[in-house]
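Trainee: Structure provided below as structure tokens; questions to follow.
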Number of protein chains: 2
Amino acid sequence: MGVKLGILGLGTVGTGTVQLLQDKGFRHPLLQEVEIYRVGVRSLDKPRAVTLPDSVLTTDLEAIVTDPAVDIVVEVMGGLEKARSLILKAIQNGKHVVTANKAVISRFGDEIFTAANQAGVYVMLEAAVGGGIPVIQPLKQSLSVNRIHTVTGIINGTTNYILTRMQTEGSNFSDVLADAQRLGYAEADPTADVDGLDAADKIAILASLAFGGRIKLKDVYSEGIRQVSKTDIAYAEKLGFVIKLLAIAQSAAPLAAIANRTTPSSPLISVRVHPTLVPKAHPLASINGVNNAILVEGEPIGQVMFFGPGAGAGATASAVSSDILNLVAALKKSKTALNPLLACAHQDYCQIVPMAELVTRFYARFLTKDQPGVIGKLGTCFGNHGVSLESVVQTGFQGELAEIVVVTHDVREGDFRQALTEIQTLTAVDSIPSLLRVV
Amino acid sequence: MGVKLGILGLGTVGTGTVQLLQDKGFRHPLLQEVEIYRVGVRSLDKPRAVTLPDSVLTTDLEAIVTDPAVDIVVEVMGGLEKARSLILKAIQNGKHVVTANKAVISRFGDEIFTAANQAGVYVMLEAAVGGGIPVIQPLKQSLSVNRIHTVTGIINGTTNYILTRMQTEGSNFSDVLADAQRLGYAEADPTADVDGLDAADKIAILASLAFGGRIKLKDVYSEGIRQVSKTDIAYAEKLGFVIKLLAIAQSAAPLAAIANRTTPSSPLISVRVHPTLVPKAHPLASINGVNNAILVEGEPIGQVMFFGPGAGAGATASAVSSDILNLVAALKKSKTALNPLLACAHQDYCQIVPMAELVTRFYARFLTKDQPGVIGKLGTCFGNHGVSLESVVQTGFQGELAEIVVVTHDVREGDFRQALTEIQTLTAVDSIPSLLRVV
């Protein structure tokens with residue numbers, strides 16, 4: 001056997017990966033050279049869906065990452081601190097690493113990739129974003145001849161499932177969440193998904209690859225879907241939009257300006273996760289249920305989109321195994337020199353635009369007293385701050401209050417928020433229940 | 001400078017590639033090592049959109065592929081015989097090759113890849129299928145750990161543009177074709193696109209990569225869109241379908257059977273291009289206009305789809321340049337050993353299922369005399385040949401004749417055609433104007 005794996009963890013993803021690797025017929029012949037040498041687990045007694053020799057299973061995970069015989073450490077245990085320290089120790093021991101751990105990479109990527117570059121090993125992470133969808137490798141290899149302008153993803157299946165059901169059934173967030181938890185599509189503690197934190201981890205990773213600079217996770221703006229109401233979904237529908245939780249990494253400069261800069265400097269980008277009104281004709285508008293999709297826009301390629309299952313044992317095992325296969329192929333070619341397209345290429349950080357500087361369209365819903373001239377007063381406040389309106393609709397009533405929905409043209413977020421502050425002082429305005437960005 | 005390119009051809013794709021490579025800021029830094037060393041053209045006097053030194057341009061293409069200084073030959077001249085012989089001569093001279101030429105690869109791929117393997121050089125072809133969409137590299141690298149069951153593509157932009165307009169405008173094929181020719185979306189001689197030959201070239205290439213065996217182009221069944229009528233598009237719409245020109249490569253055995261075969265043998269697949277009824281909820285149903293998309297289904301990944309611009313100077317230049325970048329990275333690592341995931345892995349041929357053995361659903365439209373009992377007679381004929389019907393609709397009249405539309409369940413194509421032969425003998429049946437497969 002050629003290449004020895006030390007697999008850390010035998011949960012859903014670990015089990016899926018072992019199943020794939022134990023059943024090599026009619027897959028790529030190079031997989032024949034892969035040996036499942038050690039698998040680290042928490043307990044040896046637990047019943048398992050895969051059969052492994054006693055000599056392979058161990059509870060001593062440290063021993064795996066330091067074992068001189070192990071070539072590649074496959075970290076599929078999840079969690080933060082222990083996974084981080086095992087990955088770092090594996091690197092120090094000269095192991096290549098394959099990980100599915102978006103949380104560790106988005107938080108400790110700088111430390112991990114610096115260590116990997118020093119040790120001359122690869123850290124592969126196709127499974128960290130988009131489940132089985134090949135997106136990390138295309139960004140590293142096929143698309144990197146482009147100047148990337150925007151990466152926009154639906155990269156959290158749970159929230160997309162919830163929003164899709166709210167859209168199709170006209171249901172409330174809390175009802176659909178409860179049902180999703182019952183059906184296993186949402187965790188008992190849904191915070192990481194529902195508040196956009198999982199998507200923030202993932203867009204930080206995609207941004208780093210697309211724009212060639214590291215990202216500090218704390219700079220990623222993240223807003224979840226708890227405040228998305230069925231009222232807003234219905235208004236969005238009437239205006240020709242669907243509401244999606246988008247993760248967006250976007251160059252702050254127009255493409256022409258990027259190309260004309262004479263001194264290369266670190267990229268200036270916005271990185272953010274928020275519920276967003278998406279026009280129905282947009283390629284991401286029809287991505288429904290637990291599916292994921294990542295839309296990449298660049299010059300000269302235009303728009304390309306990658307679509308598929310964002311989670312699940314089989315899809316994630318496909319991504320983990322493809323990283324293993326790529327390492328086996330790369331190691332076959334040369335055990336010393338790294339392929340620069342597979343290794344991490346950058347040490348600098350991207351500059352992140354503060355949200356107040358973001359230029360975007362907005363959707364806002366106002367509850368106002370039913371008085372003549374309210375729309376005029378709103379328009380005046382917006383005009384005072386340079387906010388130009390694309391549409392103003394007064395369609396309904398909530399009790400005694402009139403409901404007014406506004407969609408703006410592109411505006412600096414800081415200016416828009418100043419206009420809202422002024423609007424909140426108007427006696428005719430009761431409240432501003434919803435505020436969403438529009439793509 | 002590191003890597004010297006000899007580019008054959010300076011048409012649309014060649015010009016796009018030169019423009020990309022002359023403007024390297026904010027693209028992958030490894031592109032800095034690429035030098036446009038020679039560009040072979042037909043005439044030195046033609047006005048061009050790019051500026052190149054006189055010493056770079058030459059009309060002597062043979063001299064480029066034999067020049068000892070050239071590392072990579074980039075064939076973007078198109079055509080058949082001359083491109084083939086220059087590619088083969090480049091390989092014999094130890095050059096790596098990047099080509100966008102689907103016609104040459106689908107016809108002479110066996111000869112070219114055999115020569116490349118003997119010479120120890122790469123032949124890269126990302127631009128040959130799907131324009132800028134990364135699909136060749138994902139099939140070679142990310143997805144090859146899967147057992148691929150089906151590759152289904154909308155991989156001809158011209159026909160998808162025509163069918164989309166027929167669908168949205170209710171127009172006839174010939175009217176839309178004439179308009180597409182006027183607008184530059186279709187060639188003056190539209191045969192290669194409209195009769196499915198371009199898509200056949202491309203699906204032969206995708207099938208070869210997905211199923212790990214070579215394909216003889218003459219074995220690819222190809223049926224174009226000339227016979228698709230607005231009547232059928234309207235019936236399809238009512239039944240919940242859109243009509244698309246699909247290129248399909250599909251394992252003839254269910255996945256379980258593939259996995260359980262004890263003796264690996266060459267894959268048994270169907271490879272075909274034909275207009276197809278696609279359910280509206282299918283991921284390919286919403287791919288409109290000149291866009292391309294490729295849906296890959298396999299175990300354990302499930303469904304993944306790649307979407308983007310299928311043609312155009314910029315998109316194709318992105319694909320060509322990504323191949324160049326990948327070669328530069330691979331050569332940096334080792335100039336002698338080939339990476340087995342980038343090189344061609346197989347010498348055997350796939351076994352192709354004859355169309356009579358294909359199992360698929362069918363849509364058929366009949367014109368019959370307006371007599372009682374006609375549907376019963378049709379049903380009897382179908383039953384005689386084991387054809388089970390999913391729906392039978394009699395909706396309209398064409399003059400004195402009644403129009404009956406039938407959609408079958410899965411059926412062996414040979415059995416279905418025997419039933420049709422019997423039906424044509426019925427005195428009540430005037431004609432069978434349409435026959436389409438259903439996915």
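Starting from 1 in every chain, residues are counted up; chains themselves are A, B, ... following the order of the structure tokens, and ligands are numbered from 1 as listed.
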Would you list which chain A residues are within 8 Å of chain B using only C-alpha atoms, as a PyMOL selection string?
Mentor: chain A and resi 20+25-28+31+132-134+137-138+141-147+258-259+264+299-309+314-319+321-323+325-326+329-330+332-334+337-341
Trainee: Using N, CA and C atoms, can you write the selected residues to a file as a compact mmCIF listing (two decimals), in the first residue's frame?
Mentor:
```
# COMPACT_ATOMS: atom_id res chain seq x y z
N LEU A 20 -16.60 4.96 1.79
CA LEU A 20 -16.15 5.21 0.41
C LEU A 20 -14.81 4.51 0.15
N GLY A 25 -14.13 -0.16 -5.88
CA GLY A 25 -14.44 -0.57 -7.24
C GLY A 25 -15.12 0.55 -8.02
N PHE A 26 -14.69 0.73 -9.27
CA PHE A 26 -15.30 1.70 -10.17
C PHE A 26 -15.20 3.14 -9.66
N ARG A 27 -14.24 3.39 -8.75
CA ARG A 27 -13.86 4.77 -8.44
C ARG A 27 -12.48 4.99 -9.07
N HIS A 28 -11.86 6.14 -8.83
CA HIS A 28 -10.55 6.39 -9.45
C HIS A 28 -9.54 5.34 -8.99
N LEU A 31 -7.17 5.44 -5.92
CA LEU A 31 -7.62 5.19 -4.54
C LEU A 31 -7.11 3.86 -4.01
N GLY A 132 -20.37 18.51 -0.69
CA GLY A 132 -19.73 17.80 -1.78
C GLY A 132 -19.42 18.65 -3.00
N ILE A 133 -19.92 19.86 -3.06
CA ILE A 133 -19.74 20.69 -4.25
C ILE A 133 -18.26 21.04 -4.43
N PRO A 134 -17.68 20.74 -5.57
CA PRO A 134 -16.29 21.17 -5.78
C PRO A 134 -16.28 22.69 -5.95
N GLN A 137 -11.43 23.76 -4.80
CA GLN A 137 -10.44 23.48 -5.83
C GLN A 137 -10.64 24.34 -7.08
N PRO A 138 -11.86 24.49 -7.60
CA PRO A 138 -12.03 25.43 -8.72
C PRO A 138 -11.56 26.84 -8.39
N GLN A 141 -7.73 26.72 -8.44
CA GLN A 141 -7.07 26.32 -9.68
C GLN A 141 -7.71 26.92 -10.93
N SER A 142 -8.97 26.57 -11.18
CA SER A 142 -9.55 26.93 -12.48
C SER A 142 -9.88 28.41 -12.59
N LEU A 143 -10.34 29.03 -11.48
CA LEU A 143 -10.85 30.39 -11.58
C LEU A 143 -9.84 31.45 -11.22
N SER A 144 -8.66 31.04 -10.73
CA SER A 144 -7.75 32.03 -10.16
C SER A 144 -7.02 32.85 -11.21
N VAL A 145 -7.22 32.54 -12.51
CA VAL A 145 -6.70 33.42 -13.55
C VAL A 145 -7.61 34.64 -13.72
N ASN A 146 -8.79 34.60 -13.12
CA ASN A 146 -9.72 35.72 -13.20
C ASN A 146 -9.47 36.74 -12.09
N ARG A 147 -9.87 37.98 -12.36
CA ARG A 147 -10.03 38.94 -11.27
C ARG A 147 -11.42 38.72 -10.70
N ILE A 258 -9.90 48.19 -10.13
CA ILE A 258 -8.92 47.21 -9.64
C ILE A 258 -7.82 47.04 -10.68
N ALA A 259 -8.24 46.88 -11.93
CA ALA A 259 -7.27 46.60 -12.99
C ALA A 259 -6.32 47.78 -13.18
N PRO A 264 -0.01 47.30 -6.60
CA PRO A 264 -0.81 46.26 -5.98
C PRO A 264 -0.85 46.47 -4.47
N GLU A 299 -13.66 38.65 -13.95
CA GLU A 299 -13.27 39.10 -15.28
C GLU A 299 -12.07 38.25 -15.71
N PRO A 300 -12.12 37.62 -16.88
CA PRO A 300 -13.12 37.77 -17.94
C PRO A 300 -14.24 36.73 -17.92
N ILE A 301 -14.36 35.91 -16.90
CA ILE A 301 -15.24 34.74 -17.05
C ILE A 301 -16.71 35.08 -17.03
N GLY A 302 -17.10 36.17 -16.37
CA GLY A 302 -18.52 36.42 -16.17
C GLY A 302 -19.01 35.68 -14.95
N GLN A 303 -20.20 35.08 -15.04
CA GLN A 303 -20.79 34.37 -13.90
C GLN A 303 -20.68 32.86 -14.06
N VAL A 304 -20.15 32.19 -13.04
CA VAL A 304 -20.27 30.72 -12.99
C VAL A 304 -20.88 30.34 -11.65
N MET A 305 -21.64 29.26 -11.65
CA MET A 305 -22.28 28.83 -10.40
C MET A 305 -22.05 27.34 -10.18
N PHE A 306 -21.84 26.99 -8.92
CA PHE A 306 -21.66 25.61 -8.50
C PHE A 306 -22.82 25.26 -7.58
N PHE A 307 -23.48 24.15 -7.85
CA PHE A 307 -24.71 23.80 -7.14
C PHE A 307 -24.67 22.35 -6.67
N GLY A 308 -25.17 22.08 -5.50
CA GLY A 308 -25.23 20.69 -5.06
C GLY A 308 -25.60 20.54 -3.60
N PRO A 309 -25.41 19.32 -3.08
CA PRO A 309 -25.76 19.05 -1.69
C PRO A 309 -24.73 19.69 -0.76
N GLY A 314 -22.55 11.33 2.59
CA GLY A 314 -22.00 10.94 1.30
C GLY A 314 -21.34 12.09 0.57
N ALA A 315 -22.02 13.24 0.52
CA ALA A 315 -21.48 14.40 -0.18
C ALA A 315 -20.18 14.85 0.47
N THR A 316 -20.18 14.91 1.80
CA THR A 316 -18.97 15.38 2.49
C THR A 316 -17.84 14.37 2.34
N ALA A 317 -18.18 13.09 2.39
CA ALA A 317 -17.17 12.05 2.17
C ALA A 317 -16.56 12.17 0.78
N SER A 318 -17.36 12.54 -0.21
CA SER A 318 -16.84 12.75 -1.57
C SER A 318 -15.79 13.85 -1.56
N ALA A 319 -16.09 14.95 -0.86
CA ALA A 319 -15.14 16.07 -0.83
C ALA A 319 -13.86 15.69 -0.07
N SER A 321 -12.63 12.71 0.38
CA SER A 321 -11.88 11.70 -0.40
C SER A 321 -11.21 12.32 -1.61
N SER A 322 -11.85 13.35 -2.20
CA SER A 322 -11.21 13.99 -3.36
C SER A 322 -9.95 14.73 -2.92
N ASP A 323 -9.97 15.30 -1.72
CA ASP A 323 -8.73 15.91 -1.20
C ASP A 323 -7.65 14.84 -0.99
N LEU A 325 -7.39 12.00 -2.58
CA LEU A 325 -6.94 11.59 -3.91
C LEU A 325 -5.97 12.60 -4.51
N ASN A 326 -6.29 13.88 -4.36
CA ASN A 326 -5.40 14.91 -4.89
C ASN A 326 -4.04 14.87 -4.22
N ALA A 329 -2.07 11.93 -5.59
CA ALA A 329 -1.53 12.26 -6.92
C ALA A 329 -0.35 13.21 -6.81
N ALA A 330 -0.48 14.22 -5.95
CA ALA A 330 0.59 15.21 -5.81
C ALA A 330 1.83 14.56 -5.21
N LYS A 332 2.72 11.48 -5.45
CA LYS A 332 3.28 10.58 -6.45
C LYS A 332 4.26 11.32 -7.34
N LYS A 333 3.93 12.57 -7.61
CA LYS A 333 4.72 13.37 -8.52
C LYS A 333 6.02 13.80 -7.84
N SER A 334 5.92 14.24 -6.60
CA SER A 334 7.10 14.70 -5.89
C SER A 334 6.76 14.78 -4.42
N ALA A 337 8.61 19.05 -3.30
CA ALA A 337 8.12 20.36 -3.74
C ALA A 337 6.59 20.41 -3.66
N LEU A 338 6.03 21.53 -3.18
CA LEU A 338 4.58 21.70 -3.13
C LEU A 338 4.07 22.29 -4.44
N ASN A 339 2.91 21.84 -4.87
CA ASN A 339 2.25 22.47 -5.99
C ASN A 339 1.66 23.78 -5.48
N PRO A 340 2.08 24.94 -6.06
CA PRO A 340 1.64 26.22 -5.50
C PRO A 340 0.14 26.47 -5.63
N LEU A 341 -0.55 25.74 -6.51
CA LEU A 341 -2.00 25.94 -6.60
C LEU A 341 -2.75 25.17 -5.52
```
Trainee: Skipping near chain neighbours, those fewer than 3 positions away, what residues fall within 9 Å of segment 100-115 of chain A using only C-alpha atoms, listed as an MDAnalysis selection string?
Mentor: chainID A and resid 13 74:81 83:84 87:88 91:92 118:129 131 198 200:205 214:218 316 319:320 343:344 347
Trainee: Hey, can you check how far atom CA of Thr168 of chain B sits from atom CA of His282 of chain A?
Mentor: 17.4 Å
Trainee: Per DSSP on the backbone, what are the strand (DSSP E) residues of segment 34-124 of chain A, as a list in words?
Mentor: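 Selecting the strand (DSSP E) positions of segment 34-124 of chain A gives Val34, Glu35, Ile36, Tyr37, Arg38, Val39, Gly40, Leu57, Thr58, Ile72, Val73, Val74, Glu75, His96, Val97, Val98, Thr99, Val123 and Met124 of chain A.
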Trainee: Please indicate the distance in Å from atom CA of Thr231 of chain A to atom CA of Gly196 of chain A, rounded to one decimal place.
Mentor: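 Interatomic distance here is 20.9 Å.
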Trainee: Applying 7 Å and only C-alpha atoms, which residues near segment 4-8 of chain A remain after dropping the ones on its own chain fewer than 5 positions away? List them as a VMD selection string.
Mentor: chain A and resid 34 to 41 61 64 69 to 77
Trainee: Just C-alpha atoms for this one: save the residues we selected as a short mmCIF file (atom, residue, chain, number, x, y, z; two decimals), in the first residue's frame.
Mentor:
```
data_model
loop_
_atom_site.label_atom_id
_atom_site.label_comp_id
_atom_site.auth_asym_id
_atom_site.auth_seq_id
_atom_site.Cartn_x
_atom_site.Cartn_y
_atom_site.Cartn_z
CA VAL A 34 -4.82 4.57 -0.03
CA GLU A 35 -4.70 2.60 3.20
CA ILE A 36 -6.88 3.33 6.25
CA TYR A 37 -4.04 2.89 8.71
CA ARG A 38 -5.38 4.40 11.94
CA VAL A 39 -8.78 5.75 12.97
CA GLY A 40 -9.02 7.72 16.21
CA VAL A 41 -12.28 7.50 18.12
CA LEU A 61 -5.44 10.63 18.77
CA ILE A 64 -1.93 9.12 15.25
CA ALA A 69 4.09 5.84 9.37
CA VAL A 70 1.11 8.16 8.82
CA ASP A 71 1.30 10.24 5.61
CA ILE A 72 -2.02 12.12 5.72
CA VAL A 73 -4.09 13.11 8.75
CA VAL A 74 -7.81 13.38 7.97
CA GLU A 75 -9.48 15.56 10.60
CA VAL A 76 -13.22 14.86 10.62
CA MET A 77 -13.80 15.05 14.38
#
```
